[in-house]
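Below is query-v9.txt, holding compact mmCIF, C-alpha atoms.
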```
# COMPACT_ATOMS: atom_id res chain seq x y z
CA MET A 1 -21.01 -15.95 6.85
CA ALA A 2 -17.90 -13.92 7.50
CA ASP A 3 -18.03 -10.38 8.81
CA THR A 4 -17.67 -8.12 5.80
CA LYS A 5 -17.56 -4.86 7.76
CA ASP A 6 -13.80 -4.54 8.29
CA ALA A 7 -11.67 -2.23 6.17
CA LYS A 8 -10.54 -5.05 3.91
CA TYR A 9 -14.10 -5.45 2.66
CA THR A 10 -14.88 -1.77 2.24
CA PRO A 11 -14.85 -0.96 -1.47
CA GLU A 12 -13.41 2.33 -2.68
CA LEU A 13 -14.13 3.74 -6.12
CA ARG A 14 -11.15 5.33 -7.89
CA LEU A 15 -11.92 7.09 -11.11
CA ARG A 16 -10.34 8.82 -14.04
CA VAL A 17 -12.02 11.02 -16.59
CA LEU A 18 -10.50 10.58 -20.05
CA TRP A 19 -11.02 12.80 -23.06
CA GLY A 20 -9.68 10.62 -25.85
CA ASN A 21 -5.89 10.67 -25.77
CA ASP A 22 -5.80 14.39 -25.15
CA ALA A 23 -6.61 14.87 -21.50
CA MET A 24 -7.05 12.94 -18.28
CA LEU A 25 -8.00 13.79 -14.73
CA GLY A 26 -7.66 11.19 -12.00
CA PRO A 27 -6.82 10.64 -8.35
CA GLY A 28 -3.09 11.42 -8.69
CA LYS A 29 -3.61 14.90 -10.12
CA ALA A 30 -6.49 15.62 -7.72
CA ASP A 31 -4.42 14.57 -4.70
CA LEU A 32 -1.52 16.69 -5.94
CA LEU A 33 -3.82 19.74 -6.19
CA ASP A 34 -5.06 19.05 -2.65
CA HIS A 35 -1.52 18.85 -1.29
CA ILE A 36 -0.43 22.00 -3.14
CA ALA A 37 -3.37 23.86 -1.60
CA GLU A 38 -2.36 22.57 1.85
CA THR A 39 1.41 23.00 1.65
CA GLY A 40 1.73 26.02 -0.65
CA SER A 41 4.53 24.22 -2.45
CA ILE A 42 4.72 21.87 -5.44
CA ALA A 43 7.84 20.19 -4.05
CA ALA A 44 6.28 19.63 -0.61
CA ALA A 45 3.07 18.38 -2.21
CA GLY A 46 5.05 15.88 -4.29
CA ARG A 47 7.00 14.70 -1.23
CA ARG A 48 3.73 13.93 0.56
CA MET A 49 2.90 11.60 -2.31
CA SER A 50 6.42 10.10 -2.55
CA MET A 51 6.60 11.72 -5.97
CA SER A 52 9.78 13.18 -7.42
CA TYR A 53 10.06 16.95 -7.72
CA LYS A 54 10.37 16.53 -11.47
CA ARG A 55 7.21 14.45 -11.74
CA ALA A 56 5.20 16.82 -9.55
CA TRP A 57 6.24 19.77 -11.75
CA MET A 58 5.47 17.79 -14.90
CA LEU A 59 1.97 16.97 -13.67
CA VAL A 60 1.36 20.62 -12.79
CA GLU A 61 2.52 21.69 -16.25
CA VAL A 62 0.20 19.17 -17.88
CA MET A 63 -2.74 20.37 -15.76
CA ASN A 64 -1.92 23.99 -16.48
CA THR A 65 -2.20 23.41 -20.22
CA THR A 66 -5.18 21.00 -20.20
CA PHE A 67 -7.85 23.42 -19.05
CA GLN A 68 -8.82 26.92 -20.08
CA GLY A 69 -6.26 28.44 -17.76
CA PRO A 70 -3.65 27.38 -15.22
CA LEU A 71 -4.84 25.38 -12.20
CA VAL A 72 -1.69 26.17 -10.20
CA ASP A 73 0.00 29.53 -9.79
CA SER A 74 3.66 29.06 -8.96
CA THR A 75 7.02 30.72 -8.76
CA ARG A 76 10.14 28.61 -9.11
CA GLY A 77 12.62 29.72 -6.49
CA GLY A 78 12.71 33.49 -5.89
CA ALA A 79 12.08 35.43 -2.71
CA ARG A 80 9.18 33.25 -1.61
CA GLY A 81 11.19 30.08 -2.22
CA GLY A 82 8.96 28.58 -4.88
CA GLY A 83 5.50 29.13 -3.47
CA ALA A 84 2.46 27.67 -5.20
CA SER A 85 -1.28 27.97 -4.82
CA LEU A 86 -4.41 26.92 -6.64
CA THR A 87 -6.02 29.40 -8.98
CA PRO A 88 -9.81 29.90 -8.79
CA LEU A 89 -10.08 27.55 -11.81
CA GLY A 90 -7.87 25.01 -10.00
CA ARG A 91 -10.16 25.08 -6.97
CA GLU A 92 -13.17 24.72 -9.24
CA ILE A 93 -11.75 21.72 -11.15
CA LEU A 94 -10.73 20.03 -7.89
CA ALA A 95 -14.20 20.59 -6.38
CA LEU A 96 -15.87 19.20 -9.52
CA TYR A 97 -13.67 16.11 -9.43
CA ARG A 98 -14.32 15.48 -5.72
CA ASP A 99 -18.03 15.97 -6.32
CA LEU A 100 -17.87 13.50 -9.22
CA VAL A 101 -16.24 10.92 -6.94
CA ARG A 102 -18.96 11.45 -4.34
CA VAL A 103 -21.97 11.17 -6.66
CA THR A 104 -20.57 8.16 -8.53
CA SER A 105 -19.64 6.38 -5.28
CA ASP A 106 -23.19 6.92 -4.04
CA ALA A 107 -24.74 5.77 -7.33
CA GLY A 108 -22.52 2.69 -7.50
CA ALA A 109 -22.84 1.65 -3.85
CA ASP A 110 -25.27 -1.22 -4.48
CA ARG A 111 -23.17 -2.75 -7.29
CA MET A 112 -19.99 -2.38 -5.23
CA ALA A 113 -21.74 -4.14 -2.33
CA ASP A 114 -22.72 -6.95 -4.71
CA LEU A 115 -19.10 -7.28 -5.87
CA THR A 116 -17.86 -7.16 -2.27
CA ALA A 117 -20.24 -9.94 -1.26
CA ARG A 118 -18.55 -12.14 -3.89
CA LEU A 119 -14.99 -11.57 -2.61
CA LYS A 120 -13.22 -14.53 -1.11
CA GLN A 121 -13.86 -14.50 2.62
CA PRO A 122 -11.31 -15.58 5.25
CA SER A 123 -13.39 -18.72 5.77
CA ASP A 124 -12.99 -19.59 2.08
CA LYS A 125 -9.22 -19.85 2.33
CA GLY A 126 -8.17 -23.44 2.10
CA MET B 1 -17.49 29.06 -28.58
CA ALA B 2 -15.82 25.98 -30.01
CA ASP B 3 -17.76 22.89 -30.97
CA THR B 4 -17.44 20.50 -28.05
CA LYS B 5 -19.23 17.58 -29.70
CA ASP B 6 -16.27 15.84 -31.34
CA ALA B 7 -14.65 12.75 -29.84
CA LYS B 8 -11.89 14.78 -28.23
CA TYR B 9 -14.43 16.46 -25.98
CA THR B 10 -16.42 13.36 -25.07
CA PRO B 11 -15.51 12.37 -21.53
CA GLU B 12 -15.19 8.71 -20.62
CA LEU B 13 -15.24 7.47 -17.04
CA ARG B 14 -12.75 4.73 -16.24
CA LEU B 15 -13.06 3.18 -12.81
CA ARG B 16 -11.43 0.78 -10.46
CA VAL B 17 -12.91 -0.75 -7.35
CA LEU B 18 -10.30 -1.18 -4.61
CA TRP B 19 -10.66 -3.22 -1.45
CA GLY B 20 -7.72 -1.95 0.60
CA ASN B 21 -4.51 -3.49 -0.70
CA ASP B 22 -6.11 -6.89 -1.07
CA ALA B 23 -8.17 -6.76 -4.20
CA MET B 24 -8.84 -4.59 -7.23
CA LEU B 25 -11.14 -4.75 -10.22
CA GLY B 26 -10.72 -2.32 -13.09
CA PRO B 27 -10.97 -1.91 -16.85
CA GLY B 28 -7.95 -4.11 -17.67
CA LYS B 29 -9.33 -7.18 -15.92
CA ALA B 30 -12.86 -6.54 -17.20
CA ASP B 31 -11.64 -6.20 -20.79
CA LEU B 32 -9.58 -9.38 -20.42
CA LEU B 33 -12.67 -11.27 -19.23
CA ASP B 34 -14.62 -9.92 -22.21
CA HIS B 35 -11.95 -11.04 -24.65
CA ILE B 36 -11.64 -14.48 -23.03
CA ALA B 37 -15.39 -14.92 -23.42
CA GLU B 38 -15.15 -13.92 -27.07
CA THR B 39 -12.01 -15.80 -28.09
CA GLY B 40 -12.17 -18.85 -25.81
CA SER B 41 -8.46 -18.43 -25.13
CA ILE B 42 -6.42 -16.56 -22.53
CA ALA B 43 -3.52 -16.16 -24.96
CA ALA B 44 -5.75 -14.79 -27.75
CA ALA B 45 -7.50 -12.47 -25.29
CA GLY B 46 -4.14 -11.13 -24.15
CA ARG B 47 -2.97 -10.61 -27.74
CA ARG B 48 -6.06 -8.49 -28.44
CA MET B 49 -4.94 -6.21 -25.63
CA SER B 50 -1.24 -6.26 -26.65
CA MET B 51 -0.61 -8.04 -23.36
CA SER B 52 2.01 -10.73 -22.93
CA TYR B 53 0.87 -14.32 -22.47
CA LYS B 54 2.51 -14.28 -19.05
CA ARG B 55 0.71 -11.16 -17.93
CA ALA B 56 -2.68 -12.40 -19.17
CA TRP B 57 -2.22 -15.66 -17.22
CA MET B 58 -1.08 -13.76 -14.14
CA LEU B 59 -4.17 -11.53 -14.22
CA VAL B 60 -6.42 -14.57 -14.61
CA GLU B 61 -4.73 -16.26 -11.65
CA VAL B 62 -5.20 -13.13 -9.53
CA MET B 63 -8.88 -12.92 -10.49
CA ASN B 64 -9.38 -16.62 -9.82
CA THR B 65 -8.19 -16.22 -6.23
CA THR B 66 -9.79 -12.85 -5.46
CA PHE B 67 -13.42 -13.93 -5.52
CA GLN B 68 -15.30 -16.83 -3.99
CA GLY B 69 -14.45 -19.07 -6.89
CA PRO B 70 -12.62 -18.93 -10.22
CA LEU B 71 -13.84 -16.44 -12.83
CA VAL B 72 -12.09 -18.27 -15.69
CA ASP B 73 -12.10 -21.99 -16.35
CA SER B 74 -9.04 -22.96 -18.37
CA THR B 75 -6.86 -25.79 -19.49
CA ARG B 76 -3.23 -25.11 -20.33
CA GLY B 77 -2.39 -26.96 -23.52
CA GLY B 78 -4.02 -30.41 -23.80
CA ALA B 79 -6.36 -31.71 -26.48
CA ARG B 80 -8.32 -28.45 -26.77
CA GLY B 81 -5.09 -26.44 -27.04
CA GLY B 82 -5.61 -24.36 -23.92
CA GLY B 83 -9.26 -23.41 -24.12
CA ALA B 84 -10.72 -20.96 -21.62
CA SER B 85 -14.20 -19.72 -20.76
CA LEU B 86 -15.87 -17.63 -18.10
CA THR B 87 -17.48 -19.43 -15.19
CA PRO B 88 -21.00 -18.39 -14.12
CA LEU B 89 -19.32 -16.34 -11.34
CA GLY B 90 -17.01 -14.77 -13.94
CA ARG B 91 -19.98 -13.72 -16.06
CA GLU B 92 -21.69 -12.34 -12.96
CA ILE B 93 -18.67 -10.29 -11.84
CA LEU B 94 -18.18 -8.92 -15.36
CA ALA B 95 -21.87 -7.96 -15.63
CA LEU B 96 -21.75 -6.24 -12.21
CA TYR B 97 -18.66 -4.27 -13.23
CA ARG B 98 -20.19 -3.18 -16.56
CA ASP B 99 -23.38 -2.20 -14.75
CA LEU B 100 -21.32 -0.20 -12.24
CA VAL B 101 -19.62 1.68 -15.10
CA ARG B 102 -23.03 2.43 -16.63
CA VAL B 103 -24.74 3.73 -13.47
CA THR B 104 -21.74 5.79 -12.38
CA SER B 105 -21.29 7.28 -15.87
CA ASP B 106 -24.96 8.28 -15.85
CA ALA B 107 -24.76 9.72 -12.34
CA GLY B 108 -21.58 11.65 -13.10
CA ALA B 109 -22.64 12.99 -16.52
CA ASP B 110 -23.38 16.52 -15.32
CA ARG B 111 -20.07 16.91 -13.47
CA MET B 112 -18.16 15.46 -16.42
CA ALA B 113 -19.89 17.95 -18.71
CA ASP B 114 -18.86 20.75 -16.32
CA LEU B 115 -15.24 19.55 -16.44
CA THR B 116 -15.39 19.20 -20.23
CA ALA B 117 -16.65 22.76 -20.59
CA ARG B 118 -13.49 23.92 -18.82
CA LEU B 119 -11.07 22.09 -21.13
CA LYS B 120 -8.86 24.21 -23.31
CA GLN B 121 -10.64 24.70 -26.63
CA PRO B 122 -8.86 24.90 -29.99
CA SER B 123 -9.57 28.65 -30.04
CA ASP B 124 -7.68 29.02 -26.72
CA LYS B 125 -4.41 27.84 -28.23
CA GLY B 126 -2.07 30.73 -28.60
```
Using structure tokens, write down the structure from this file.
Amino acid sequence: MADTKDAKYTPELRLRVLWGNDAMLGPGKADLLDHIAETGSIAAAGRRMSMSYKRAWMLVEVMNTTFQGPLVDSTRGGARGGGASLTPLGREILALYRDLVRVTSDAGADRMADLTARLKQPSDKG
Amino acid sequence: MADTKDAKYTPELRLRVLWGNDAMLGPGKADLLDHIAETGSIAAAGRRMSMSYKRAWMLVEVMNTTFQGPLVDSTRGGARGGGASLTPLGREILALYRDLVRVTSDAGADRMADLTARLKQPSDKG
């Protein structure tokens, strides 16, 4: 039996929450929020994800109109050179999403291990 | 407070399991397996998902080399006109994935409800 402990055989759960066709929250938006919090800039956050400036702004605009208030507070250009930060609601949504990933990954660990055990192993390659 | 019981405010969890860059299982492949089981045909299964014949075959070929054996048993053309069915391993992988969706959706229900409660409501539109 092959060693299944290396990174290749470590399953990761990636999840999206969909509300019909109206709203979606997934790893891309969550990562963008994380990077905005860290860099203080939508453009810098997008660059970290190899995302165009235009796409990063578009995602922020979508997020800012999906929930009950903006998730990102930003100024385009100006004295501070386009600074951005998460609003309290933005931090709350991000924390809820990260918590959702954690509890679902824990709950699904056994089934993911069962799937992983059925992956082709190096010794199966012929 | 707006009614949050209509379909628009019902969250759905969509998930992918990733094993590094080597393997992935998500809703597209699972749905394709379901449709192959129902239609007995890769082409018909793809059509149900508005997927090209080429893409449906490509996904089947990827699935058939990702796990310890093929998930789909198929004949291209021939007397049966290209019949396809799930192998026992294919049925097992599909059942594990559906079970994973169920247990993670249950485990994440509270957090999804918290996110849903923070969605913009019709009364917020200005």
Which centre and edge lengths in Å to one decimal define the box along x, y and z that fits every listed atom of stretch 19-22 of chain A plus 4 Å per side, as JSON?
```
{"center_x": -8.4, "center_y": 12.5, "center_z": -24.5, "size_x": 13.2, "size_y": 11.8, "size_z": 10.8}
```
Give me, as a tab-separated table, the closest atom pair and its distance (Å, one decimal) for every residue of chain A within a cut-off of 7 Å of chain B, counting all atoms listed in the file, rows sorted by chain and rising number.
```
residue	atom	partner	partner_atom	distance
A:Ala7	CA	B:Gly20	CA	6.8
A:Lys8	CA	B:Gly20	CA	5.3
A:Tyr9	CA	B:Trp19	CA	5.8
A:Thr10	CA	B:Trp19	CA	5.8
A:Pro11	CA	B:Trp19	CA	4.8
A:Glu12	CA	B:Leu18	CA	5.1
A:Leu13	CA	B:Val17	CA	4.8
A:Arg14	CA	B:Arg16	CA	5.2
A:Leu15	CA	B:Leu15	CA	4.4
A:Arg16	CA	B:Arg14	CA	5.2
A:Val17	CA	B:Leu13	CA	4.8
A:Leu18	CA	B:Glu12	CA	5.1
A:Trp19	CA	B:Pro11	CA	4.8
A:Gly20	CA	B:Lys8	CA	5.3
A:Asp22	CA	B:Lys8	CA	6.8
A:Thr66	CA	B:Lys120	CA	5.8
A:Phe67	CA	B:Leu119	CA	4.1
A:Gln68	CA	B:Lys120	CA	4.2
A:Ile93	CA	B:Leu115	CA	6.7
A:Leu96	CA	B:Arg111	CA	6.2
A:Leu100	CA	B:Gly108	CA	5.7
A:Val103	CA	B:Gly108	CA	6.5
A:Thr104	CA	B:Thr104	CA	4.7
A:Ala107	CA	B:Thr104	CA	5.9
A:Gly108	CA	B:Leu100	CA	5.7
A:Arg111	CA	B:Leu100	CA	5.9
A:Leu115	CA	B:Ile93	CA	6.7
A:Arg118	CA	B:Phe67	CA	5.7
A:Leu119	CA	B:Phe67	CA	4.1
A:Lys120	CA	B:Gln68	CA	4.2
```
Quiz prompt | A:Ala45 environment, 12 Å, only C-alpha atoms, sequence neighbours closer than 2 positions dropped, as a PyMOL selection string | solution = chain A and resi 28-43+47-57+59-60+83-85
Exercise. Find the distance between atom CA of A:Ser74 and atom CA of A:Pro27 and write it in Å to one decimal.
Key: 21.2 Å
What lies within 7 Å of B:Thr87 using only C-alpha atoms, ignoring chain neighbours under 6 positions off, as a short mmCIF file (atom, residue, chain, number, x, y, z; two decimals) with C-alpha atoms, in the coordinates of the input?
```cif
data_model
loop_
_atom_site.label_atom_id
_atom_site.label_comp_id
_atom_site.auth_asym_id
_atom_site.auth_seq_id
_atom_site.Cartn_x
_atom_site.Cartn_y
_atom_site.Cartn_z
CA PRO B 70 -12.62 -18.93 -10.22
CA LEU B 71 -13.84 -16.44 -12.83
CA VAL B 72 -12.09 -18.27 -15.69
CA ASP B 73 -12.10 -21.99 -16.35
#
```
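Atom CA of B:Gly90 is found 9.0 Å from atom CA of B:Met63.
Between atom CA of B:Ala44 and atom CA of B:Met58 the interatomic distance comes to 14.4 Å.
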